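Q: Input file: input.cif. Contents: mmCIF, C-alpha atoms.
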data_target
#
loop_
_atom_site.group_PDB
_atom_site.id
_atom_site.type_symbol
_atom_site.label_atom_id
_atom_site.label_comp_id
_atom_site.auth_asym_id
_atom_site.auth_seq_id
_atom_site.Cartn_x
_atom_site.Cartn_y
_atom_site.Cartn_z
ATOM 1 C CA MET A 162 0.000 0.000 0.000
ATOM 2 C CA LYS A 163 1.249 3.479 -0.885
ATOM 3 C CA PRO A 164 1.934 5.777 2.064
ATOM 4 C CA HIS A 165 -0.330 8.773 2.432
ATOM 5 C CA LEU A 166 0.892 12.044 0.955
ATOM 6 C CA PRO A 167 -0.366 15.452 2.036
ATOM 7 C CA THR A 168 -2.288 17.759 -0.263
ATOM 8 C CA PHE A 169 -1.295 21.383 -0.844
ATOM 9 C CA ASP A 170 -2.950 24.478 -2.133
ATOM 10 C CA THR A 171 -1.372 27.693 -3.343
ATOM 11 C CA PRO A 172 -3.030 30.914 -4.472
ATOM 12 C CA ARG A 173 -3.862 29.404 -7.899
ATOM 13 C CA LEU A 174 -3.262 25.661 -7.601
ATOM 14 C CA LEU A 175 -4.384 22.469 -5.899
ATOM 15 C CA LEU A 176 -1.822 19.675 -5.488
ATOM 16 C CA ARG A 177 -3.026 16.227 -4.541
ATOM 17 C CA PRO A 178 -1.350 12.810 -4.571
ATOM 18 C CA ARG A 179 -1.313 11.469 -8.121
ATOM 19 C CA SER A 180 -3.610 8.537 -8.754
ATOM 20 C CA MET A 181 -4.778 6.318 -11.590
ATOM 21 C CA ALA A 182 -7.588 8.859 -12.129
ATOM 22 C CA GLU A 183 -4.956 11.003 -13.886
ATOM 23 C CA PHE A 184 -3.561 8.128 -15.980
ATOM 24 C CA ASP A 185 -5.097 9.212 -19.299
ATOM 25 C CA ALA A 186 -4.171 12.867 -18.742
ATOM 26 C CA CYS A 187 -0.566 11.901 -17.895
ATOM 27 C CA LEU A 188 -0.381 9.644 -20.935
ATOM 28 C CA ALA A 189 -1.680 12.404 -23.206
ATOM 29 C CA MET A 190 0.789 14.905 -21.728
ATOM 30 C CA ASP A 191 3.732 12.519 -22.277
ATOM 31 C CA ARG A 192 2.656 11.927 -25.880
ATOM 32 C CA ASP A 193 3.260 15.584 -26.701
ATOM 33 C CA PRO A 194 6.786 15.463 -28.163
ATOM 34 C CA GLN A 195 7.528 19.012 -26.996
ATOM 35 C CA VAL A 196 6.679 18.081 -23.393
ATOM 36 C CA THR A 197 9.028 15.070 -23.319
ATOM 37 C CA GLN A 198 11.662 16.429 -25.716
ATOM 38 C CA TYR A 199 14.336 16.579 -23.003
ATOM 39 C CA VAL A 200 13.093 13.742 -20.804
ATOM 40 C CA VAL A 201 14.337 10.173 -21.083
ATOM 41 C CA GLY A 202 11.487 7.660 -21.179
ATOM 42 C CA PRO A 203 9.556 5.089 -23.214
ATOM 43 C CA TRP A 204 7.390 7.748 -24.909
ATOM 44 C CA HIS A 205 7.453 6.136 -28.389
ATOM 45 C CA ASP A 206 6.539 2.594 -27.277
ATOM 46 C CA PRO A 207 2.848 2.668 -26.258
ATOM 47 C CA GLN A 208 2.902 -0.547 -24.199
ATOM 48 C CA ALA A 209 6.157 0.285 -22.405
ATOM 49 C CA HIS A 210 4.909 3.834 -21.793
ATOM 50 C CA GLU A 211 1.667 2.572 -20.216
ATOM 51 C CA ARG A 212 3.579 0.075 -18.026
ATOM 52 C CA PHE A 213 6.046 2.767 -16.952
ATOM 53 C CA LEU A 214 3.282 5.216 -16.099
ATOM 54 C CA THR A 215 1.239 2.612 -14.202
ATOM 55 C CA GLU A 216 4.306 1.610 -12.181
ATOM 56 C CA ARG A 217 5.157 5.231 -11.358
ATOM 57 C CA ILE A 218 1.590 6.023 -10.243
ATOM 58 C CA GLN A 219 1.131 2.878 -8.144
ATOM 59 C CA ARG A 220 4.634 2.579 -6.692
ATOM 60 C CA SER A 221 5.509 3.473 -3.129
ATOM 61 C CA PHE A 222 8.680 5.576 -3.054
ATOM 62 C CA GLY A 223 8.744 5.483 0.745
ATOM 63 C CA PRO A 224 6.951 7.487 3.436
ATOM 64 C CA GLY A 225 6.402 11.074 2.353
ATOM 65 C CA PHE A 226 7.697 10.608 -1.195
ATOM 66 C CA GLY A 227 5.778 10.457 -4.440
ATOM 67 C CA TYR A 228 4.039 12.456 -7.131
ATOM 68 C CA TRP A 229 1.399 15.170 -6.852
ATOM 69 C CA SER A 230 -1.019 16.093 -9.636
ATOM 70 C CA ILE A 231 -1.450 19.806 -10.263
ATOM 71 C CA PHE A 232 -4.862 21.386 -10.885
ATOM 72 C CA ALA A 233 -5.918 25.019 -11.305
ATOM 73 C CA LYS A 234 -8.266 26.185 -8.546
ATOM 74 C CA ASP A 235 -10.482 27.903 -11.106
ATOM 75 C CA ALA A 236 -10.791 24.626 -13.072
ATOM 76 C CA PRO A 237 -10.299 21.820 -10.506
ATOM 77 C CA ALA A 238 -11.012 19.062 -13.044
ATOM 78 C CA SER A 239 -8.322 20.346 -15.400
ATOM 79 C CA PHE A 240 -5.035 18.423 -15.018
ATOM 80 C CA LEU A 241 -2.080 20.768 -15.527
ATOM 81 C CA GLY A 242 0.734 18.311 -14.826
ATOM 82 C CA TRP A 243 2.594 16.829 -11.884
ATOM 83 C CA ILE A 244 5.421 17.427 -9.466
ATOM 84 C CA LEU A 245 7.546 14.780 -7.774
ATOM 85 C CA LEU A 246 9.692 14.347 -4.707
ATOM 86 C CA ILE A 247 11.269 10.894 -4.950
ATOM 87 C CA PRO A 248 14.607 9.121 -4.636
ATOM 88 C CA ALA A 249 16.606 10.146 -7.737
ATOM 89 C CA ASP A 250 15.829 7.867 -10.685
ATOM 90 C CA GLY A 251 13.451 6.050 -8.327
ATOM 91 C CA VAL A 252 16.325 4.513 -6.354
ATOM 92 C CA GLY A 253 18.317 7.295 -4.613
ATOM 93 C CA PRO A 254 20.265 7.953 -2.508
ATOM 94 C CA ASP A 255 19.743 11.604 -3.545
ATOM 95 C CA ILE A 256 16.211 12.991 -3.382
ATOM 96 C CA GLU A 257 14.956 14.566 -6.575
ATOM 97 C CA ILE A 258 12.358 17.249 -7.191
ATOM 98 C CA GLY A 259 10.895 17.402 -10.664
ATOM 99 C CA TRP A 260 7.933 18.688 -12.618
ATOM 100 C CA ARG A 261 6.151 18.167 -15.904
ATOM 101 C CA LEU A 262 3.318 20.319 -17.184
ATOM 102 C CA ASN A 263 1.055 20.259 -20.205
ATOM 103 C CA ARG A 264 2.281 22.637 -22.867
ATOM 104 C CA ALA A 265 -0.893 24.739 -22.460
ATOM 105 C CA ALA A 266 0.201 25.404 -18.845
ATOM 106 C CA TRP A 267 3.722 26.583 -19.733
ATOM 107 C CA GLY A 268 4.862 30.130 -19.103
ATOM 108 C CA ARG A 269 2.350 30.902 -16.343
ATOM 109 C CA GLY A 270 4.527 30.250 -13.308
ATOM 110 C CA TYR A 271 2.629 27.090 -12.350
ATOM 111 C CA ALA A 272 5.719 24.870 -12.000
ATOM 112 C CA THR A 273 7.409 27.318 -9.643
ATOM 113 C CA GLU A 274 4.198 27.837 -7.682
ATOM 114 C CA ALA A 275 3.632 24.072 -7.348
ATOM 115 C CA ALA A 276 7.252 23.293 -6.450
ATOM 116 C CA THR A 277 7.480 25.868 -3.656
ATOM 117 C CA PRO A 278 5.229 24.047 -1.134
ATOM 118 C CA ILE A 279 6.869 20.743 -2.088
ATOM 119 C CA LEU A 280 10.278 22.222 -1.249
ATOM 120 C CA GLU A 281 8.918 23.575 2.029
ATOM 121 C CA TYR A 282 7.481 20.146 2.822
ATOM 122 C CA ALA A 283 10.797 18.464 1.891
ATOM 123 C CA PHE A 284 12.863 20.673 4.156
ATOM 124 C CA THR A 285 10.516 21.383 7.077
ATOM 125 C CA GLN A 286 8.364 18.232 7.328
ATOM 126 C CA MET A 287 10.600 15.563 5.793
ATOM 127 C CA ARG A 288 13.694 17.318 7.174
ATOM 128 C CA LEU A 289 15.756 16.511 4.093
ATOM 129 C CA GLN A 290 19.250 17.975 3.997
ATOM 130 C CA GLN A 291 19.133 18.654 0.243
ATOM 131 C CA VAL A 292 17.173 18.035 -2.940
ATOM 132 C CA ILE A 293 18.458 17.830 -6.494
ATOM 133 C CA ALA A 294 17.055 18.312 -9.972
ATOM 134 C CA ASP A 295 18.864 16.843 -12.979
ATOM 135 C CA ILE A 296 17.895 18.829 -16.076
ATOM 136 C CA HIS A 297 18.859 18.608 -19.733
ATOM 137 C CA PRO A 298 20.801 21.839 -20.459
ATOM 138 C CA GLN A 299 18.568 22.703 -23.439
ATOM 139 C CA ASN A 300 15.418 22.449 -21.294
ATOM 140 C CA ILE A 301 15.468 26.194 -20.658
ATOM 141 C CA GLY A 302 11.997 26.245 -19.058
ATOM 142 C CA SER A 303 12.979 23.715 -16.380
ATOM 143 C CA VAL A 304 16.332 25.412 -15.814
ATOM 144 C CA ARG A 305 14.490 28.699 -15.202
ATOM 145 C CA VAL A 306 12.083 27.038 -12.767
ATOM 146 C CA ALA A 307 14.990 25.520 -10.822
ATOM 147 C CA GLU A 308 16.750 28.882 -10.678
ATOM 148 C CA LYS A 309 13.583 30.745 -9.613
ATOM 149 C CA LEU A 310 13.172 28.243 -6.799
ATOM 150 C CA GLY A 311 16.745 28.868 -5.664
ATOM 151 C CA LEU A 312 18.341 25.619 -6.813
ATOM 152 C CA LYS A 313 21.927 26.197 -7.874
ATOM 153 C CA PHE A 314 23.888 24.578 -10.684
ATOM 154 C CA VAL A 315 26.467 22.235 -9.129
ATOM 155 C CA GLY A 316 27.880 20.389 -12.150
ATOM 156 C CA ASP A 317 27.219 17.910 -14.867
ATOM 157 C CA ALA A 318 25.036 15.001 -13.801
ATOM 158 C CA GLY A 319 26.285 12.744 -16.567
ATOM 159 C CA ILE A 320 24.639 11.140 -19.552
ATOM 160 C CA HIS A 321 21.175 9.560 -19.438
ATOM 161 C CA ALA A 322 20.237 7.628 -22.608
ATOM 162 C CA ASP A 323 22.809 9.533 -24.684
ATOM 163 C CA ALA A 324 21.608 12.928 -23.379
ATOM 164 C CA PRO A 325 23.637 15.216 -21.114
ATOM 165 C CA TYR A 326 22.114 16.400 -17.852
ATOM 166 C CA ARG A 327 23.132 19.128 -15.429
ATOM 167 C CA SER A 328 22.577 18.880 -11.703
ATOM 168 C CA TYR A 329 20.946 21.598 -9.610
ATOM 169 C CA ARG A 330 20.774 21.486 -5.824
ATOM 170 C CA MET A 331 19.260 23.224 -2.829
ATOM 171 C CA THR A 332 20.188 22.494 0.752
ATOM 172 C CA GLN A 333 17.905 22.801 3.742
ATOM 173 C CA ASP A 334 19.939 25.768 5.028
ATOM 174 C CA GLU A 335 19.687 27.527 1.648
ATOM 175 C CA PHE A 336 15.933 26.988 1.610
ATOM 176 C CA LEU A 337 15.449 28.269 5.153
ATOM 177 C CA ALA A 338 17.549 31.368 4.441
ATOM 178 C CA ARG A 339 15.857 32.092 1.104
ATOM 179 C CA TYR A 340 12.281 31.606 2.276
ATOM 180 C CA GLY A 341 12.730 32.947 5.812
ATOM 181 C CA ILE A 342 11.371 29.868 7.523
#
Rewrite the coordinates I just gave you, this time as C-alpha cells.
A:
Amino acid sequence: MKPHLPTFDTPRLLLRPRSMAEFDACLAMDRDPQVTQYVVGPWHDPQAHERFLTERIQRSFGPGFGYWSIFAKDAPASFLGWILLIPADGVGPDIEIGWRLNRAAWGRGYATEAATPILEYAFTQMRLQQVIADIHPQNIGSVRVAEKLGLKFVGDAGIHADAPYRSYRMTQDEFLARYGI
C-alpha cells in the first residue's frame, strides 16, 4: 500500500497525490513530443509507456515521497501536470524534485508555484538535507524554474540515454535562508 501524501494548495493551484484517475491525462501529456523532448522515457513505445506510467503512479517511493497532480483552482477538473519528490531515478540515494506540465500550462509560473510548497514540505516536514534536480541543459523552461526556486547549478550530472544532464541542488539551510522559515 502506498503511504499517504499530504495535499497542498497555493493561491492558484491544488496539489493532490497522483492517482490512476490522472492516468489518461498523464499519458496524453507525455505523448506531446515538446513536453518530453528533453526527458528520457519510453514515450514512443505505447505498451512500455503505459507500463512505466502505471508503475510510477502505483509505486511506493517510501513514506512522504511520491508524485502530486497539479490542478488550477479555477478549473479543478483540469489536469495541468505533476510534481515529484522521490529518490533520484526512483532509487536514490539523492532525493529529486521534478515537474512536468502540459504545454498549455507553460509560461504561467505554475511549475514554480507548485514546487514551492513541495520544497517547504521536503525541508521542514521531511527534514531533508538537500534536494536535487537533474535537467537537460537545453530544457530552458525547467532550468528557469529551478533557478527561480533557488536551486543552484552544481555540475554535470552525466549522460542519461545519450543525453547530457546538469545537476541543480538546494540544501535545507539555503531553503530556510531564502524563504525565511
Q: Out of A:Ala189, A:Val304, A:Leu289, A:Ile231, which residue has the shortest atom-to-atom distance to Pro254 in chain A when counting only C-alpha atoms?
A: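 Result for the nearest residue to Pro254 in chain A: A:Leu289.
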Q: Neighbouring residues of Pro325 in chain A were defined as those with any atom within 10 Å, considering only C-alpha atoms; residues of the same chain fewer than 6 positions away were excluded. Please report them as a list in words.
A: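 My reading of the contact set: Tyr199, Asp295, Ile296, His297, Pro298, Gln299, Asp317, Ala318 and Gly319 of chain A.
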Q: Do a neighbour search on Gly311 in chain A at 10 Å with only C-alpha atoms, toss out local chain neighbours closer than 4 positions, and write the hits as a PyMOL selection string.
A: chain A and resi 277+305-307+329-332+335-336+339-340
Q: Which is closer to Phe284 in chain A than all the others in A:Leu337, A:Val201, A:Ala182, A:Leu214, using all atoms listed in the file?
A: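 With all atoms listed in the file as the atom set, the closest residue is A:Leu337.
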Q: I'd like the neighbourhood of Gly270 in chain A as JSON, numbers by chain, where a residue qualifies if any of its atoms comes within 12 Å (using all atoms listed in the file), though same-chain residues fewer than 4 positions away should be ignored.
A: {"A": [171, 172, 173, 174, 233, 241, 262, 265, 266, 274, 275, 276, 277, 302, 303, 305, 306, 307, 309, 310]}
Q: Can you pull out the residues contacting Gln198 in chain A? Cut-off 10 Å, using only C-alpha atoms, and skip same-chain residues under 4 positions away; I want them as an NGL selection string.
A: :A and (191 or 193-194 or 202 or 204 or 297 or 299-300)
Q: Taking 5 positions as the minimum chain separation for residues in the same chain, which residues sit within 10 Å of Thr215 in chain A when counting only C-alpha atoms? Answer as a PyMOL selection string.
A: chain A and resi 180-181+184+188+209-210+220
Q: Which is closer to Gln290 in chain A than all the others in A:Val196, A:Val315, A:Ile247, A:Ile256, using all atoms listed in the file?
A: A:Ile256
Q: Tell me which residues the PyMOL selection byres ((chain A and resi 283) around 10) grabs here, as a ChimeraX atom specification.
A: /A:225-226,246,256,258,277-282,284-292,333,336
Q: Using C-alpha atoms, can you export the residues from the last selection as a short mmCIF file (atom, residue, chain, number, x, y, z; two decimals), keeping the file's coordinate frame?
A:
data_model
loop_
_atom_site.label_atom_id
_atom_site.label_comp_id
_atom_site.auth_asym_id
_atom_site.auth_seq_id
_atom_site.Cartn_x
_atom_site.Cartn_y
_atom_site.Cartn_z
CA GLY A 225 6.40 11.07 2.35
CA PHE A 226 7.70 10.61 -1.20
CA LEU A 246 9.69 14.35 -4.71
CA ILE A 256 16.21 12.99 -3.38
CA ILE A 258 12.36 17.25 -7.19
CA THR A 277 7.48 25.87 -3.66
CA PRO A 278 5.23 24.05 -1.13
CA ILE A 279 6.87 20.74 -2.09
CA LEU A 280 10.28 22.22 -1.25
CA GLU A 281 8.92 23.58 2.03
CA TYR A 282 7.48 20.15 2.82
CA PHE A 284 12.86 20.67 4.16
CA THR A 285 10.52 21.38 7.08
CA GLN A 286 8.36 18.23 7.33
CA MET A 287 10.60 15.56 5.79
CA ARG A 288 13.69 17.32 7.17
CA LEU A 289 15.76 16.51 4.09
CA GLN A 290 19.25 17.98 4.00
CA GLN A 291 19.13 18.65 0.24
CA VAL A 292 17.17 18.04 -2.94
CA GLN A 333 17.90 22.80 3.74
CA PHE A 336 15.93 26.99 1.61
#
Q: Go through A:Ala338, A:Ala186, A:Ala238, A:Ile293 one by one, measure the shortest atom-to-atom distance of each to Gly316 in chain A using all atoms listed in the file, and give the residue with the smallest value.
A: A:Ile293
Q: Rounded to one decimal place, report the CA of Asp185 in chain A-CA of Tyr326 in chain A distance in Å.
A: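 Answer for the CA of Asp185 in chain A to CA of Tyr326 in chain A separation: 28.2 Å.
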Q: Calculate how many Å separate CA of Phe314 in chain A from CA of Ser230 in chain A, rounding to one decimal.
A: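 Rounded to one decimal, the two atoms are 26.3 Å apart.
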Q: If you measure from CA of Leu176 in chain A to CA of Pro207 in chain A, what distance in Å do you get, rounded to one decimal?
A: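 Interatomic distance here is 27.2 Å.
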